>>> print(open('structure-v2.pdb').read())   # PDB, C-alpha atoms
ATOM      1  CA  MET W   1      41.438  86.187 202.972
ATOM      2  CA  VAL W   2      40.362  89.640 204.147
ATOM      3  CA  LEU W   3      39.807  90.768 200.544
ATOM      4  CA  ILE W   4      37.534  87.794 199.879
ATOM      5  CA  ASP W   5      35.586  88.515 203.067
ATOM      6  CA  VAL W   6      35.015  92.120 201.954
ATOM      7  CA  ILE W   7      33.886  91.122 198.454
ATOM      8  CA  VAL W   8      31.537  88.429 199.791
ATOM      9  CA  ILE W   9      30.041  90.832 202.340
ATOM     10  CA  LEU W  10      29.474  93.379 199.553
ATOM     11  CA  PHE W  11      27.633  90.755 197.475
ATOM     12  CA  LEU W  12      25.476  89.654 200.418
ATOM     13  CA  ALA W  13      24.701  93.250 201.421
ATOM     14  CA  ALA W  14      23.707  94.195 197.856
ATOM     15  CA  GLY W  15      21.474  91.123 197.689
ATOM     16  CA  ILE W  16      19.793  91.956 200.995
ATOM     17  CA  ILE W  17      19.262  95.593 199.921
ATOM     18  CA  PHE W  18      17.519  94.491 196.704
ATOM     19  CA  MET W  19      15.353  91.964 198.579
ATOM     20  CA  PHE W  20      14.472  94.714 201.063
ATOM     21  CA  THR W  21      13.473  97.053 198.212
ATOM     22  CA  GLY W  22      11.252  94.283 196.882
ATOM     23  CA  VAL W  23       9.482  94.036 200.237
ATOM     24  CA  ILE W  24       8.980  97.813 200.418
ATOM     25  CA  GLY W  25       7.585  97.725 196.887
ATOM     26  CA  LEU W  26       5.209  94.925 197.836
ATOM     27  CA  LEU W  27       3.858  97.058 200.665
ATOM     28  CA  ARG W  28       3.802 100.473 198.945
ATOM     29  CA  LEU W  29       2.668  99.861 195.368
ATOM     30  CA  PRO W  30      -1.083 100.211 194.705
ATOM     31  CA  ASP W  31      -2.270  97.024 192.969
ATOM     32  CA  PHE W  32      -1.569  93.394 192.115
ATOM     33  CA  TYR W  33       0.232  93.994 188.801
ATOM     34  CA  THR W  34       2.555  96.735 190.011
ATOM     35  CA  ARG W  35       3.422  94.672 193.097
ATOM     36  CA  LEU W  36       4.549  91.876 190.813
ATOM     37  CA  HIS W  37       6.958  94.361 189.209
ATOM     38  CA  ALA W  38       8.671  94.798 192.565
ATOM     39  CA  THR W  39       8.791  91.116 193.535
ATOM     40  CA  GLY W  40       9.513  89.709 190.074
ATOM     41  CA  LYS W  41      12.633  91.801 189.477
ATOM     42  CA  CYS W  42      14.117  92.519 192.889
ATOM     43  CA  ASP W  43      13.802  88.897 194.021
ATOM     44  CA  THR W  44      15.682  87.607 190.998
ATOM     45  CA  LEU W  45      18.709  89.862 191.371
ATOM     46  CA  GLY W  46      18.655  89.723 195.194
ATOM     47  CA  GLU W  47      18.698  85.941 195.304
ATOM     48  CA  VAL W  48      21.327  85.702 192.574
ATOM     49  CA  LEU W  49      23.632  88.175 194.353
ATOM     50  CA  ILE W  50      23.321  86.281 197.653
ATOM     51  CA  ILE W  51      24.044  82.935 195.977
ATOM     52  CA  ALA W  52      26.959  84.493 194.051
ATOM     53  CA  GLY W  53      28.425  85.695 197.359
ATOM     54  CA  LEU W  54      28.137  82.203 198.877
ATOM     55  CA  LEU W  55      29.660  80.730 195.714
ATOM     56  CA  LEU W  56      32.717  83.003 195.901
ATOM     57  CA  TYR W  57      33.190  82.279 199.613
ATOM     58  CA  HIS W  58      33.023  78.515 199.096
ATOM     59  CA  PHE W  59      35.314  78.667 196.064
ATOM     60  CA  PHE W  60      38.070  80.594 197.832
ATOM     61  CA  VAL W  61      37.776  79.302 201.403
ATOM     62  CA  TYR W  62      36.652  75.667 201.262
ATOM     63  CA  SER W  63      37.597  74.462 197.782
ATOM     64  CA  PRO W  64      41.434  74.600 197.800
ATOM     65  CA  GLY W  65      42.834  71.180 198.712
ATOM     66  CA  ALA W  66      39.418  69.624 199.322
ATOM     67  CA  GLU W  67      38.084  66.435 197.727
ATOM     68  CA  LEU W  68      36.205  66.565 194.454
ATOM     69  CA  SER W  69      32.662  66.438 195.839
ATOM     70  CA  VAL W  70      33.400  69.484 198.013
ATOM     71  CA  LYS W  71      35.045  71.270 195.079
ATOM     72  CA  LEU W  72      31.881  70.804 193.016
ATOM     73  CA  VAL W  73      29.619  72.724 195.430
ATOM     74  CA  PRO W  74      30.159  76.056 193.566
ATOM     75  CA  VAL W  75      29.011  74.318 190.358
ATOM     76  CA  LYS W  76      25.768  73.334 192.095
ATOM     77  CA  LEU W  77      25.275  76.932 193.239
ATOM     78  CA  LEU W  78      25.866  78.035 189.637
ATOM     79  CA  PHE W  79      23.065  75.675 188.528
ATOM     80  CA  LEU W  80      20.837  77.289 191.178
ATOM     81  CA  ILE W  81      21.523  80.731 189.670
ATOM     82  CA  VAL W  82      20.595  79.494 186.188
ATOM     83  CA  PHE W  83      17.366  77.924 187.478
ATOM     84  CA  ILE W  84      16.391  81.085 189.362
ATOM     85  CA  PHE W  85      16.903  83.148 186.177
ATOM     86  CA  LEU W  86      14.632  80.747 184.298
ATOM     87  CA  ALA W  87      12.035  79.971 186.967
ATOM     88  CA  ASN W  88      11.502  83.392 188.548
ATOM     89  CA  PRO W  89      10.249  85.263 185.440
ATOM     90  CA  THR W  90       8.223  82.201 184.412
ATOM     91  CA  ALA W  91       6.459  82.055 187.771
ATOM     92  CA  THR W  92       5.790  85.803 187.487
ATOM     93  CA  HIS W  93       4.144  85.238 184.071
ATOM     94  CA  ALA W  94       2.023  82.419 185.483
ATOM     95  CA  ILE W  95       0.711  84.570 188.357
ATOM     96  CA  MET W  96       0.232  87.565 186.032
ATOM     97  CA  LYS W  97      -1.680  85.508 183.456
ATOM     98  CA  ALA W  98      -3.902  83.953 186.134
ATOM     99  CA  ALA W  99      -4.740  87.424 187.489
ATOM    100  CA  TYR W 100      -5.424  88.785 183.994
ATOM    101  CA  LYS W 101      -7.654  85.854 183.007
ATOM    102  CA  THR W 102      -9.708  86.045 186.200
ATOM    103  CA  GLY W 103     -10.286  89.763 185.560
ATOM    104  CA  VAL W 104      -8.243  91.575 188.212
ATOM    105  CA  LYS W 105      -8.548  95.259 187.206
ATOM    106  CA  PRO W 106      -5.251  97.098 186.697
ATOM    107  CA  TRP W 107      -4.750 100.286 188.700
ATOM    108  CA  LYS W 108      -4.712 103.548 186.693
ATOM    109  CA  LYS W 109      -3.035 106.794 187.737
ATOM    110  CA  GLY W 110      -5.437 108.812 189.887
ATOM    111  CA  ASP W 111      -7.432 105.822 191.188
ATOM    112  CA  ALA W 112      -7.752 105.176 194.887
ATOM    113  CA  ARG W 113      -5.450 102.536 196.395
ATOM    114  CA  MET W 114      -6.868  99.011 196.345
TER     115      MET W 114
ATOM    116  CA  MET R   1      20.915  65.625 157.026
ATOM    117  CA  ASN R   2      17.900  63.270 156.887
ATOM    118  CA  ALA R   3      15.309  62.831 159.642
ATOM    119  CA  LYS R   4      16.837  59.661 161.096
ATOM    120  CA  SER R   5      20.354  60.998 161.659
ATOM    121  CA  GLY R   6      18.749  64.182 163.054
ATOM    122  CA  LYS R   7      17.022  62.041 165.689
ATOM    123  CA  GLY R   8      20.264  60.215 166.527
ATOM    124  CA  PHE R   9      22.026  63.571 166.899
ATOM    125  CA  GLY R  10      19.286  64.760 169.263
ATOM    126  CA  ILE R  11      19.625  61.640 171.430
ATOM    127  CA  LEU R  12      23.421  62.018 171.521
ATOM    128  CA  VAL R  13      23.297  65.695 172.535
ATOM    129  CA  THR R  14      20.699  65.006 175.237
ATOM    130  CA  PHE R  15      22.712  62.041 176.555
ATOM    131  CA  CYS R  16      25.927  64.095 176.782
ATOM    132  CA  ALA R  17      24.172  67.004 178.518
ATOM    133  CA  MET R  18      22.426  64.700 181.015
ATOM    134  CA  PHE R  19      25.586  62.714 181.768
ATOM    135  CA  LEU R  20      27.647  65.869 182.307
ATOM    136  CA  PHE R  21      24.912  67.152 184.615
ATOM    137  CA  TRP R  22      24.993  63.839 186.556
ATOM    138  CA  LEU R  23      28.783  63.947 186.980
ATOM    139  CA  LEU R  24      28.774  67.576 188.167
ATOM    140  CA  LEU R  25      25.984  66.927 190.670
ATOM    141  CA  SER R  26      27.318  63.641 192.063
ATOM    142  CA  GLY R  27      31.070  64.261 192.104
ATOM    143  CA  HIS R  28      31.720  60.495 192.599
ATOM    144  CA  ILE R  29      33.976  59.856 189.635
ATOM    145  CA  ILE R  30      37.098  58.447 191.295
ATOM    146  CA  THR R  31      37.022  56.251 194.415
ATOM    147  CA  GLU R  32      39.297  56.769 197.401
ATOM    148  CA  GLU R  33      41.682  54.104 196.074
ATOM    149  CA  GLY R  34      42.114  56.118 192.877
ATOM    150  CA  LYS R  35      40.036  53.873 190.599
ATOM    151  CA  LEU R  36      37.077  54.745 188.392
ATOM    152  CA  ASP R  37      33.890  54.676 190.478
ATOM    153  CA  VAL R  38      32.055  52.078 188.353
ATOM    154  CA  LEU R  39      28.847  51.959 190.435
ATOM    155  CA  HIS R  40      28.054  55.690 190.380
ATOM    156  CA  VAL R  41      29.285  56.437 186.863
ATOM    157  CA  GLY R  42      27.507  53.325 185.523
ATOM    158  CA  ALA R  43      24.236  54.326 187.177
ATOM    159  CA  GLY R  44      24.678  57.752 185.603
ATOM    160  CA  ILE R  45      25.169  56.290 182.129
ATOM    161  CA  ILE R  46      22.047  54.101 182.459
ATOM    162  CA  CYS R  47      19.868  56.955 183.755
ATOM    163  CA  SER R  48      21.108  59.426 181.109
ATOM    164  CA  ALA R  49      20.504  56.874 178.348
ATOM    165  CA  ILE R  50      16.907  56.259 179.494
ATOM    166  CA  ILE R  51      16.212  60.006 179.706
ATOM    167  CA  ALA R  52      17.832  60.660 176.320
ATOM    168  CA  LEU R  53      15.746  57.936 174.645
ATOM    169  CA  ILE R  54      12.449  59.089 176.155
ATOM    170  CA  SER R  55      12.716  62.876 176.060
ATOM    171  CA  HIS R  56      15.389  63.878 173.525
ATOM    172  CA  ASP R  57      12.769  65.800 171.513
ATOM    173  CA  LEU R  58      12.294  68.274 174.373
ATOM    174  CA  LEU R  59      15.865  69.576 174.330
ATOM    175  CA  VAL R  60      16.783  69.352 170.638
ATOM    176  CA  LYS R  61      13.717  70.074 168.600
ATOM    177  CA  GLU R  62      14.861  70.474 165.010
ATOM    178  CA  LYS R  63      18.033  69.352 163.297
ATOM    179  CA  GLY R  64      21.195  71.032 164.532
ATOM    180  CA  GLU R  65      20.861  73.872 162.048
ATOM    181  CA  LYS R  66      23.243  76.730 162.845
ATOM    182  CA  MET R  67      23.111  75.672 166.514
ATOM    183  CA  LEU R  68      26.689  76.800 167.166
ATOM    184  CA  SER R  69      26.312  80.335 165.841
ATOM    185  CA  LYS R  70      22.941  80.665 167.598
ATOM    186  CA  SER R  71      24.484  79.606 170.921
ATOM    187  CA  PHE R  72      27.354  82.023 170.411
ATOM    188  CA  ARG R  73      24.983  84.934 169.695
ATOM    189  CA  PHE R  74      22.909  83.899 172.714
ATOM    190  CA  VAL R  75      25.917  84.178 175.052
ATOM    191  CA  ILE R  76      26.617  87.725 173.794
ATOM    192  CA  TYR R  77      22.934  88.581 174.242
ATOM    193  CA  LEU R  78      23.089  87.205 177.806
ATOM    194  CA  GLY R  79      25.777  89.736 178.722
ATOM    195  CA  TRP R  80      23.589  92.637 177.551
ATOM    196  CA  GLU R  81      20.606  91.072 179.346
ATOM    197  CA  LEU R  82      22.462  90.856 182.684
ATOM    198  CA  TRP R  83      23.261  94.581 182.501
ATOM    199  CA  GLN R  84      19.579  95.298 181.742
ATOM    200  CA  ILE R  85      18.573  93.296 184.839
ATOM    201  CA  VAL R  86      20.799  95.456 187.046
ATOM    202  CA  LEU R  87      19.263  98.589 185.464
ATOM    203  CA  ALA R  88      15.769  97.133 186.022
ATOM    204  CA  ASN R  89      16.430  96.693 189.721
ATOM    205  CA  PHE R  90      17.678 100.242 190.169
ATOM    206  CA  ASP R  91      14.635 101.446 188.217
ATOM    207  CA  VAL R  92      12.222  99.565 190.491
ATOM    208  CA  ALA R  93      14.127 100.656 193.585
ATOM    209  CA  TYR R  94      13.900 104.318 192.467
ATOM    210  CA  ARG R  95      10.158 104.109 191.788
ATOM    211  CA  VAL R  96       9.438 102.302 195.042
ATOM    212  CA  LEU R  97      11.552 104.462 197.331
ATOM    213  CA  HIS R  98      10.618 107.830 195.744
ATOM    214  CA  PRO R  99       8.156 109.605 198.094
ATOM    215  CA  LYS R 100       5.690 110.377 195.262
ATOM    216  CA  MET R 101       6.024 106.981 193.518
ATOM    217  CA  PRO R 102       6.337 108.007 189.821
ATOM    218  CA  ILE R 103       4.209 105.197 188.357
ATOM    219  CA  ASP R 104       1.568 105.288 185.609
ATOM    220  CA  PRO R 105       0.704 101.667 184.728
ATOM    221  CA  LEU R 106      -0.627 100.733 181.283
ATOM    222  CA  ILE R 107      -1.115  97.577 179.237
ATOM    223  CA  ILE R 108       0.333  97.463 175.718
ATOM    224  CA  GLU R 109       0.156  94.999 172.844
ATOM    225  CA  PHE R 110       2.595  94.428 169.981
ATOM    226  CA  ASP R 111       3.434  91.890 167.261
ATOM    227  CA  THR R 112       6.794  90.267 166.607
ATOM    228  CA  SER R 113       8.244  88.161 163.811
ATOM    229  CA  LEU R 114       9.330  85.440 166.269
ATOM    230  CA  ARG R 115       7.723  81.983 166.014
ATOM    231  CA  SER R 116       9.979  79.325 167.603
ATOM    232  CA  ASP R 117       9.461  78.337 171.244
ATOM    233  CA  PHE R 118      12.980  79.244 172.385
ATOM    234  CA  ALA R 119      12.798  82.704 170.813
ATOM    235  CA  LEU R 120       9.388  83.448 172.360
ATOM    236  CA  VAL R 121      10.498  82.250 175.811
ATOM    237  CA  THR R 122      13.698  84.301 175.589
ATOM    238  CA  LEU R 123      11.805  87.466 174.657
ATOM    239  CA  ALA R 124       9.080  86.905 177.295
ATOM    240  CA  ASN R 125      11.584  86.324 180.089
ATOM    241  CA  SER R 126      13.750  89.231 178.911
ATOM    242  CA  ILE R 127      10.755  91.583 178.965
ATOM    243  CA  THR R 128       9.958  90.529 182.512
ATOM    244  CA  LEU R 129      13.524  91.022 183.707
ATOM    245  CA  THR R 130      14.183  94.398 182.065
ATOM    246  CA  PRO R 131      13.126  97.809 183.426
ATOM    247  CA  GLY R 132       9.449  98.438 184.037
ATOM    248  CA  THR R 133       7.722  95.742 181.977
ATOM    249  CA  ILE R 134       6.197  92.280 182.588
ATOM    250  CA  THR R 135       4.782  89.891 179.984
ATOM    251  CA  ILE R 136       1.154  88.891 180.609
ATOM    252  CA  LEU R 137       0.195  86.782 177.596
ATOM    253  CA  VAL R 138       2.005  85.380 174.558
ATOM    254  CA  ASP R 139       0.210  84.168 171.440
ATOM    255  CA  PRO R 140       2.715  81.741 169.853
ATOM    256  CA  GLU R 141       0.930  81.472 166.490
ATOM    257  CA  LYS R 142       0.829  85.196 165.723
ATOM    258  CA  GLY R 143       3.877  86.172 167.796
ATOM    259  CA  LYS R 144       1.689  88.604 169.729
ATOM    260  CA  PHE R 145       2.718  89.882 173.186
ATOM    261  CA  LEU R 146       0.554  91.504 175.874
ATOM    262  CA  VAL R 147       2.748  93.462 178.287
ATOM    263  CA  HIS R 148       2.094  95.341 181.521
ATOM    264  CA  ALA R 149       4.292  98.435 181.819
ATOM    265  CA  ILE R 150       4.756 100.417 185.034
ATOM    266  CA  ALA R 151       5.133 103.800 183.247
ATOM    267  CA  LYS R 152       5.067 105.401 179.791
ATOM    268  CA  LYS R 153       8.839 105.365 179.195
ATOM    269  CA  PRO R 154       9.511 101.603 179.470
ATOM    270  CA  ALA R 155       6.417 100.967 177.309
ATOM    271  CA  ASP R 156       7.823 103.225 174.573
ATOM    272  CA  ALA R 157      11.107 101.293 174.636
ATOM    273  CA  LEU R 158       9.156  98.221 173.466
ATOM    274  CA  LEU R 159       6.677  99.979 171.165
ATOM    275  CA  VAL R 160       8.865 102.599 169.440
ATOM    276  CA  ASP R 161      12.546 101.606 169.731
ATOM    277  CA  LYS R 162      12.005  97.809 169.642
ATOM    278  CA  THR R 163      15.664  97.282 170.691
ATOM    279  CA  MET R 164      14.919  94.049 172.496
ATOM    280  CA  GLN R 165      12.788  92.497 169.735
ATOM    281  CA  LYS R 166      15.574  93.244 167.242
ATOM    282  CA  LYS R 167      18.226  91.722 169.485
ATOM    283  CA  VAL R 168      16.248  88.511 170.097
ATOM    284  CA  ALA R 169      15.408  88.235 166.382
ATOM    285  CA  ASP R 170      19.124  88.591 165.617
ATOM    286  CA  VAL R 171      20.015  85.811 168.062
ATOM    287  CA  TYR R 172      17.538  83.286 166.623
ATOM    288  CA  MET R 173      17.754  84.623 163.048
ATOM    289  CA  GLU R 174      13.985  85.034 162.714
ATOM    290  CA  TRP R 175      13.508  88.455 161.206
TER     291      TRP R 175
END
>>> encode(input="structure-v2.pdb", output="structure tokens")
Amino acid sequence: MVLIDVIVILFLAAGIIFMFTGVIGLLRLPDFYTRLHATGKCDTLGEVLIIAGLLLYHFFVYSPGAELSVKLVPVKLLFLIVFIFLANPTATHAIMKAAYKTGVKPWKKGDARM
Amino acid sequence: MNAKSGKGFGILVTFCAMFLFWLLLSGHIITEEGKLDVLHVGAGIICSAIIALISHDLLVKEKGEKMLSKSFRFVIYLGWELWQIVLANFDVAYRVLHPKMPIDPLIIEFDTSLRSDFALVTLANSITLTPGTITILVDPEKGKFLVHAIAKKPADALLVDKTMQKKVADVYMEW
């Protein structure tokens, strides 16, 4: 059990670190487009790592000997991971396209911060 | 394979996928007495059949041409893609946490040979998830992509090396 705890904590910690980097990027980067780089990528991996940690914990701690509907919870978490991989980049495109079509100017090197 | 049996195949595949999805989400297959749970499984069959009849053309667009080998190539591609996502996150983390922030954003444009919806979506999402680039616009008729890159190096990976375009074209066999 201790081994599983360590692995799950590592997954959760890695996820939180990536989410944290995303937040720092959101605050530090200069314009709309570059900020989407930080949120679009770090959020995807951060969320997936956190869900993967929860999945492992449930699979090894709650699943053995439980009834079928409890055993299937990791499968539902797996579906969540797939949907995040599909939905997160798509939402990023949608925001990016909306910004581009409404004429938000991209930041160039040497410009002042917006 | 004529058009009619192609349609029947599409309905069958959609029905199986939907029903499997229903069973995995509900988990009520066997009752506490050890019998088949007729109410829940029956409701699942009815719902999956209705969905398959109405919207089978969304999931299976053309006839099942080389579907198996395409799916197999896609799974291999997914492994490479996952590794690229990890690299992308370290890349963003490095650029964000570096005191001088080594960024030099630019917008690039390139053409591809891809035409089918699945191939275009795969490439667009892959570009967004890999280091330093995000798709802005896709023109499905000409296969044209407009991409925002955070620095010169990730832009060159798409413009000069074209590794990702080649890989996606290999998966969907649309050179």
>>> residues_around(input="structure-v2.pdb", residues="Phe32 (chain W)", least_positions_apart="3", cutoff="10 Å", atoms="only C-alpha atoms", output="list in words")
Leu26, Leu29, Arg35, Leu36, His37, Ile95, Met96, Ala99, Val104, Lys105, Pro106, Trp107 and Met114 of chain W
>>> resolve_selection(input="structure-v2.pdb", expression="the PyMOL selection byres ((chain R) within 10 of (chain W))", output="PyMOL selection string")
chain R and resi 21+23-30+32+82+85-86+88-97+101-107+121-122+124-138+146+148-151
>>> atom_distance(input="structure-v2.pdb", atom1="CA of Ala91 (chain W)", atom2="CA of Leu123 (chain R)")
15.2 Å
>>> atom_distance(input="structure-v2.pdb", atom1="CA of Ile51 (chain R)", atom2="CA of Lys35 (chain R)")
26.9 Å
>>> resolve_selection(input="structure-v2.pdb", expression="the PyMOL selection byres ((chain R and resi 52) around 10)", output="list in words")
Gly10, Ile11, Leu12, Val13, Thr14, Phe15, Cys16, Ala17, Met18, Phe19, Ile46, Cys47, Ser48, Ala49, Ile50, Ile51, Leu53, Ile54, Ser55, His56, Asp57, Leu58 and Leu59 of chain R
>>> resolve_selection(input="structure-v2.pdb", expression="the PyMOL selection byres ((chain W and resi 50) around 9)", output="list of chain:residue names")
W:Val8, W:Phe11, W:Leu12, W:Ala13, W:Ala14, W:Gly15, W:Ile16, W:Leu45, W:Gly46, W:Glu47, W:Val48, W:Leu49, W:Ile51, W:Ala52, W:Gly53, W:Leu54, W:Leu55
>>> axis_aligned_box(input="structure-v2.pdb", around="region 94-111 of chain R", padding_each_side="3 Å", output="AutoDock Vina command-line options")
--center_x 6.4 --center_y 101.1 --center_z 182.7 --size_x 21.0 --size_y 24.5 --size_z 36.8
>>> atom_distance(input="structure-v2.pdb", atom1="CA of Phe72 (chain R)", atom2="CA of Val171 (chain R)")
8.6 Å
>>> residues_near_point(input="structure-v2.pdb", point="(0.8, 93.9, 167.7)", cutoff="8 Å", atoms="all atoms listed in the file", output="ChimeraX atom specification")
/R:109-112,144-145
>>> closest_residue(input="structure-v2.pdb", among="W:Ala66, W:Phe59, W:Ile84, W:Met19", to="Met1 (chain W)", atoms="all atoms listed in the file")
W:Phe59
>>> closest_residue(input="structure-v2.pdb", among="R:Tyr77, R:Pro140, R:Val147, R:Phe118", to="Lys166 (chain R)", atoms="all atoms listed in the file")
R:Tyr77
>>> closest_residue(input="structure-v2.pdb", among="R:Met67, R:His40, R:Leu87, R:Ser113", to="Lys162 (chain R)", atoms="all atoms listed in the file")
R:Ser113
